[in-house]
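A short write-up of the structure that comes next.
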Amino acid sequence: MKDAAVLVVDCGATNIRVVAMDAAGRTIAQAGEPNEPVPQPDAPKEWFIWDVERLWAIIGRCARQVVGRVGPARIKAVAVTTWGADGTLVDERGALVHPLIAWRCERTAATAEAVSRRLGRRRLFDVAGYPVIHFNTLFRMAWLAENAPDAVQRARHFLMTPGLVSQRLTGKPSIDPTIASTAMAMALAKRDWSEELLEAVGFPKRLLPPWVEPGAIIGEVTAEAAEATGLAAGTPVVAAGHDTQFALLGSGVVPGEAVVSSGTWEILIARAERFTPNKASFEGGLLYECDAEPGRWNPQLLMMGSGVLEWVAARWFADVPDRTRRYEVMIREAADEAPGSGGVVLLPSFTGTGPNQKYGTKGTLLGLTLNTSRAQVYRAALEGLAYQLKDALAVFGKAAGIQPKALRVVGGGAKNRLWNQLRADVTGLPVVVPAETEATALGAAMVALVGAGVYGSVDEVRRRMDFGETRFEPSDAAGLYADLYEAYRGLAPALSPFYQRDKS
C-alpha cells in the first residue's frame, strides 16, 4: 500500500481544512474555508451556535476538491478532528433536536456557577481533571436538562462535534476519549463516563454514544456521504477526536519534551503516565485530558496566544494590507529592537486556564512613552507571551512533576522564527519545530493509517516518519531575559488588587 493516502477533516473554530496525506505523512492536497459561530435566531444576542448544515457543506466542498485531485481510490481511510467542548442532542437518524451551542455562548455561565457551587470546584477537578470554565460540556448538559427537557426526551444520542461529522459520514454514533475528556463529564482516571457527575446535573447516561478508541473504525462512508464528499462509498472512517491531542501526536514528541500548540490560543501540553489532580495542579490552573493512546494523560495549560499578536497587528500595522506581508514586516522590525523592547511590557490576557488566572488581571500594556515604536509594542507582546510560557513551565514542574528538557512547537505560531528564538531565550530550553507545523492533521493521519492497515501501530508510524526538525538554542540574550523575567513576574500580582477593585 505504498501509494496509500488518508483524508483528514480538521475542523477548527476559525478554519476548516480537509487534507490528504500519504503514507509518509506528507500533504498531497488540501482545501479550506473560514469557520465561525453564528448568533442563534430569535434568541438573546449573547447566544451563539454552530450552523451544522453550513459546517457539513464546507466539509463537502473542501473534500470534493481534495478527493478530485487525489482520486477516491487512493483514499484508504478518513479521520475527523475538531475543537473541544461543543456537543448537542440528535435523533435516531442523526438530525439535531437542539442547536449545537458554541463555546462562545454565554447562556451556561449561571449554570456553571450554580453547579460548581453545589458540587465544589475541587471535586469537579479531582474527578474530571478540569477547572470550571463556563462552556464546559457538563454545564451544557445541565442547561439542556433544565431548559430543554423535551429535546432531551426526544433525543437518541448526545454527540460531540467529531461525532456529528462522523455520523454524517457513516450513519453511526460514536465518541472517543480525547474529545469526551473536554466535556468535564468523565471519571478521567478510569477513561470512562462519571456517573456521579452525570447524575448530579440530571443528564441521562443512555444518551452517550458507544466508545471508539482512536485508530479504531467507526464505520464506512455511506452512499449519501460519498455523493456529498467525493469519497468512495465504503471507505473506512477511523476515530480521531480532539484536535489538541492529535497535534501532540503529530508533533513527533519524544520523551523529555513538552509541546506548545501555538495558535490564537496557546496550549502547553505533555504526556504523563499518571493522572494527578493535586492541590498544586488545581491552584495552578492545570487541566487534564485523555491522551490519544490509552494509559496516558495530557496535563496542559490554556493561555492566550497569537490572538494578542493579531490585536497588535490590527492596531499598529494596518497600513500593510496583505496579511502575510504584514507579519513579515512586524517580525523584521521587531527583530531590530533590543531585548526588553525599550521598557515596554505587555501582559497577555489571563482569561484561559493559564498560570496567572488566579490574579484575574486583564491584558495590560505598560511603559509607553512618546518615543515608543510599533516594533517595540510587537516585540513586547512576543516577550510577554514567552514569559507566560515560562510561568506555565513552572506550574508543570510543581503540579505534575514535569520538567521538560526541550519544547516542541507546532501550529501557526511555530512559523514565527523570532518568537521561537524568544521562547528559547526566555525559558532557557531548546525549541524544536517540526517541518509539518500543522500537526493536528498529521496526528489524525497517523491513526487513520493504522485504522486503514497501512501500519500496525502508532509507534510504527512514528518510527517510519521523518519529522524534519529545526532547532533553536538559547542565545547570548538568555541571561538578560532571566533578569527581565524577574521584573515581569511581579506585575500580575501587583496589578491584581486594581482589577479586583474594578470588578467590584
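Labels used: A, B, ... for chains in the order of the C-alpha cells, numbers from 1 for residues in each chain, and numbers from 1 for ligands as shown.
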
Do you have, as a Markdown table, the list of residues of stretch 94-147 of chain A lying at most 10 Å from stretch 200-210 of chain A, each with its nearest atom pair and that distance in Å to one decimal, counting only C-alpha atoms and ordered by chain then number?
```
| residue | atom | partner | partner_atom | distance |
| --- | --- | --- | --- | --- |
| A:Thr111 | CA | A:Val201 | CA | 9.8 |
| A:Val115 | CA | A:Val201 | CA | 7.5 |
| A:Arg118 | CA | A:Ala200 | CA | 9.1 |
| A:Leu119 | CA | A:Ala200 | CA | 8.0 |
| A:Leu138 | CA | A:Val201 | CA | 7.6 |
| A:Phe139 | CA | A:Val201 | CA | 7.8 |
| A:Arg140 | CA | A:Val201 | CA | 9.6 |
| A:Met141 | CA | A:Phe203 | CA | 6.1 |
| A:Ala142 | CA | A:Val201 | CA | 4.8 |
| A:Trp143 | CA | A:Val201 | CA | 8.5 |
| A:Leu144 | CA | A:Phe203 | CA | 8.3 |
| A:Ala145 | CA | A:Phe203 | CA | 6.1 |
| A:Glu146 | CA | A:Gly202 | CA | 8.3 |
```

Store the residues picked out above, limited to C-alpha atoms, as a PDB file, in the first residue's frame.
```
ATOM      1  CA  THR A 111     -25.461  27.183  35.284  1.00  0.00           C
ATOM      2  CA  VAL A 115     -23.250  23.503  39.548  1.00  0.00           C
ATOM      3  CA  ARG A 118     -23.154  22.725  44.589  1.00  0.00           C
ATOM      4  CA  LEU A 119     -20.523  20.097  43.741  1.00  0.00           C
ATOM      5  CA  LEU A 138     -21.127  19.261  31.617  1.00  0.00           C
ATOM      6  CA  PHE A 139     -22.748  22.664  32.122  1.00  0.00           C
ATOM      7  CA  ARG A 140     -24.278  22.414  28.640  1.00  0.00           C
ATOM      8  CA  MET A 141     -25.776  19.079  29.711  1.00  0.00           C
ATOM      9  CA  ALA A 142     -27.130  20.632  32.913  1.00  0.00           C
ATOM     10  CA  TRP A 143     -28.582  23.553  30.950  1.00  0.00           C
ATOM     11  CA  LEU A 144     -30.286  21.228  28.442  1.00  0.00           C
ATOM     12  CA  ALA A 145     -31.739  19.060  31.204  1.00  0.00           C
ATOM     13  CA  GLU A 146     -33.249  22.139  32.865  1.00  0.00           C
TER      14      GLU A 146
END
```

Give me the residues within 10 Å of A:Glu460 as a PDB file with C-alpha atoms, in the first residue's frame, counting only C-alpha atoms and dropping any in the same chain fewer than 4 places off.
```pdb
ATOM      1  CA  MET A 446      -1.253   8.708  11.765  1.00  0.00           C
ATOM      2  CA  VAL A 450      -3.257   2.497  11.436  1.00  0.00           C
ATOM      3  CA  TYR A 455       0.797   0.435   9.698  1.00  0.00           C
ATOM      4  CA  GLY A 456       0.357  -1.860  12.659  1.00  0.00           C
ATOM      5  CA  ARG A 464       8.802   5.418   9.975  1.00  0.00           C
ATOM      6  CA  MET A 465       8.143   9.159   9.612  1.00  0.00           C
TER       7      MET A 465
END
```

- Message: With DSSP run on the backbone, what are the strand (DSSP E) residues within stretch 19-54 of chain A? I'd like them as a PyMOL selection string.
- Response: chain A and resi 19-22+27-34+38-39+48-50

Can I get the selected residues back with C-alpha atoms, as a PDB file, in the first residue's frame?
```pdb
ATOM      1  CA  VAL A  19      -6.157  17.426   3.976  1.00  0.00           C
ATOM      2  CA  ALA A  20      -4.973  14.355   2.075  1.00  0.00           C
ATOM      3  CA  MET A  21      -1.719  12.856   3.361  1.00  0.00           C
ATOM      4  CA  ASP A  22       0.350   9.991   2.023  1.00  0.00           C
ATOM      5  CA  THR A  27       0.438  16.670   2.489  1.00  0.00           C
ATOM      6  CA  ILE A  28      -0.521  15.918  -1.113  1.00  0.00           C
ATOM      7  CA  ALA A  29      -3.642  18.104  -1.379  1.00  0.00           C
ATOM      8  CA  GLN A  30      -5.670  20.368   0.859  1.00  0.00           C
ATOM      9  CA  ALA A  31      -8.519  22.855   0.811  1.00  0.00           C
ATOM     10  CA  GLY A  32     -10.057  25.056   3.468  1.00  0.00           C
ATOM     11  CA  GLU A  33     -12.609  27.733   4.317  1.00  0.00           C
ATOM     12  CA  PRO A  34     -13.198  30.020   7.331  1.00  0.00           C
ATOM     13  CA  VAL A  38     -23.402  32.479  14.415  1.00  0.00           C
ATOM     14  CA  PRO A  39     -25.979  34.174  16.639  1.00  0.00           C
ATOM     15  CA  PHE A  48     -24.138  31.596  19.756  1.00  0.00           C
ATOM     16  CA  ILE A  49     -24.472  28.313  17.881  1.00  0.00           C
ATOM     17  CA  TRP A  50     -22.721  26.443  15.092  1.00  0.00           C
TER      18      TRP A  50
END
```

Give me, as a tab-separated table, each residue of stretch 377-449 of chain A that comes within 6 Å of stretch 250-263 of chain A, together with its shortest interatomic pair and the distance in Å at one decimal, counting only C-alpha atoms, with rows ordered by chain and rising residue number.
```
residue	atom	partner	partner_atom	distance
A:Pro404	CA	A:Glu257	CA	5.0
A:Lys405	CA	A:Gly256	CA	5.6
A:Ala406	CA	A:Glu257	CA	5.0
A:Leu407	CA	A:Ala258	CA	5.1
A:Arg408	CA	A:Val259	CA	4.6
A:Val409	CA	A:Val260	CA	4.7
A:Val410	CA	A:Ser261	CA	5.0
A:Gly411	CA	A:Ser262	CA	4.9
A:Gly412	CA	A:Gly263	CA	5.4
A:Gly413	CA	A:Ser262	CA	4.9
A:Ala439	CA	A:Gly250	CA	4.6
A:Leu442	CA	A:Gly250	CA	4.9
A:Gly443	CA	A:Gly250	CA	3.7
```

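Considering the residues A:Glu337, A:Ala318, A:Met186, A:Ala392 and counting only C-alpha atoms, A:Leu286 has its shortest atom-to-atom contact with A:Ala392.
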
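Using only C-alpha atoms, the contacts of A:Thr81 at a cut-off of 10 Å, with sequence neighbours closer than 4 positions omitted, comprise Val8, Val9, Asp10, Cys11, Gly12, Thr161, Pro162, Gly163, Val165, Ser166, Thr178, Ile179, Ala239, Ala240, Gly241, His242, Asp243, Thr244, Gln245, Phe246, Ala247, Thr440, Ala441, Gly443 and Ala444 of chain A.
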
- Message: Need the shell around A:Ala155: protein/DNA/RNA residues with any atom at most 8 Å away, counting only C-alpha atoms. Skip same-chain ones fewer than 5 positions apart. Format as a ChimeraX atom specification?
- Response: /A:89-92,97,207

- Message: What's around A:Leu365 at 8 Å? Count only C-alpha atoms, leave out sequence neighbours fewer than 2 positions away in its own chain, and write the answer as an MDAnalysis selection string.
- Response: chainID A and resid 344:347 363 367:368

Writer output for current selection, N, CA and C atoms, as a JSON list (two decimals), in the first residue's frame:
```
[["chain", "number", "residue", "atom", "x", "y", "z"],
["A", 344, "VAL", "N", 8.94, 48.70, 27.21],
["A", 344, "VAL", "CA", 7.52, 48.37, 27.05],
["A", 344, "VAL", "C", 7.28, 46.94, 27.52],
["A", 345, "VAL", "N", 6.23, 46.75, 28.29],
["A", 345, "VAL", "CA", 5.88, 45.43, 28.80],
["A", 345, "VAL", "C", 4.42, 45.16, 28.47],
["A", 346, "LEU", "N", 4.14, 43.98, 27.91],
["A", 346, "LEU", "CA", 2.76, 43.59, 27.63],
["A", 346, "LEU", "C", 2.45, 42.30, 28.37],
["A", 347, "LEU", "N", 1.45, 42.36, 29.25],
["A", 347, "LEU", "CA", 0.95, 41.16, 29.91],
["A", 347, "LEU", "C", -0.23, 40.64, 29.08],
["A", 363, "GLY", "N", -5.49, 41.90, 29.98],
["A", 363, "GLY", "CA", -4.31, 42.25, 29.21],
["A", 363, "GLY", "C", -3.89, 43.68, 29.52],
["A", 367, "GLY", "N", 4.62, 51.00, 30.19],
["A", 367, "GLY", "CA", 5.93, 51.52, 29.79],
["A", 367, "GLY", "C", 5.94, 52.34, 28.52],
["A", 368, "LEU", "N", 4.78, 52.81, 28.06],
["A", 368, "LEU", "CA", 4.73, 53.60, 26.83],
["A", 368, "LEU", "C", 5.32, 55.00, 27.06]]
```

- Distance query A:Asn420 at most 10 Å, only C-alpha atoms, self and fewer than 3 positions along chain excluded, as number ranges by chain: A: 382, 386, 407-409, 413-417, 423-425, 430-433, 471-474

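Closest approach to A:Ala63 among A:Ala228, A:Ala478, A:Glu113, A:Ala313: A:Ala228, based on only C-alpha atoms.
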
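Nearest-residue note for A:Arg93: choosing from A:Leu480, A:Leu164, A:Ala338, A:Leu385, the minimum distance belongs to A:Leu164, counting only C-alpha atoms.
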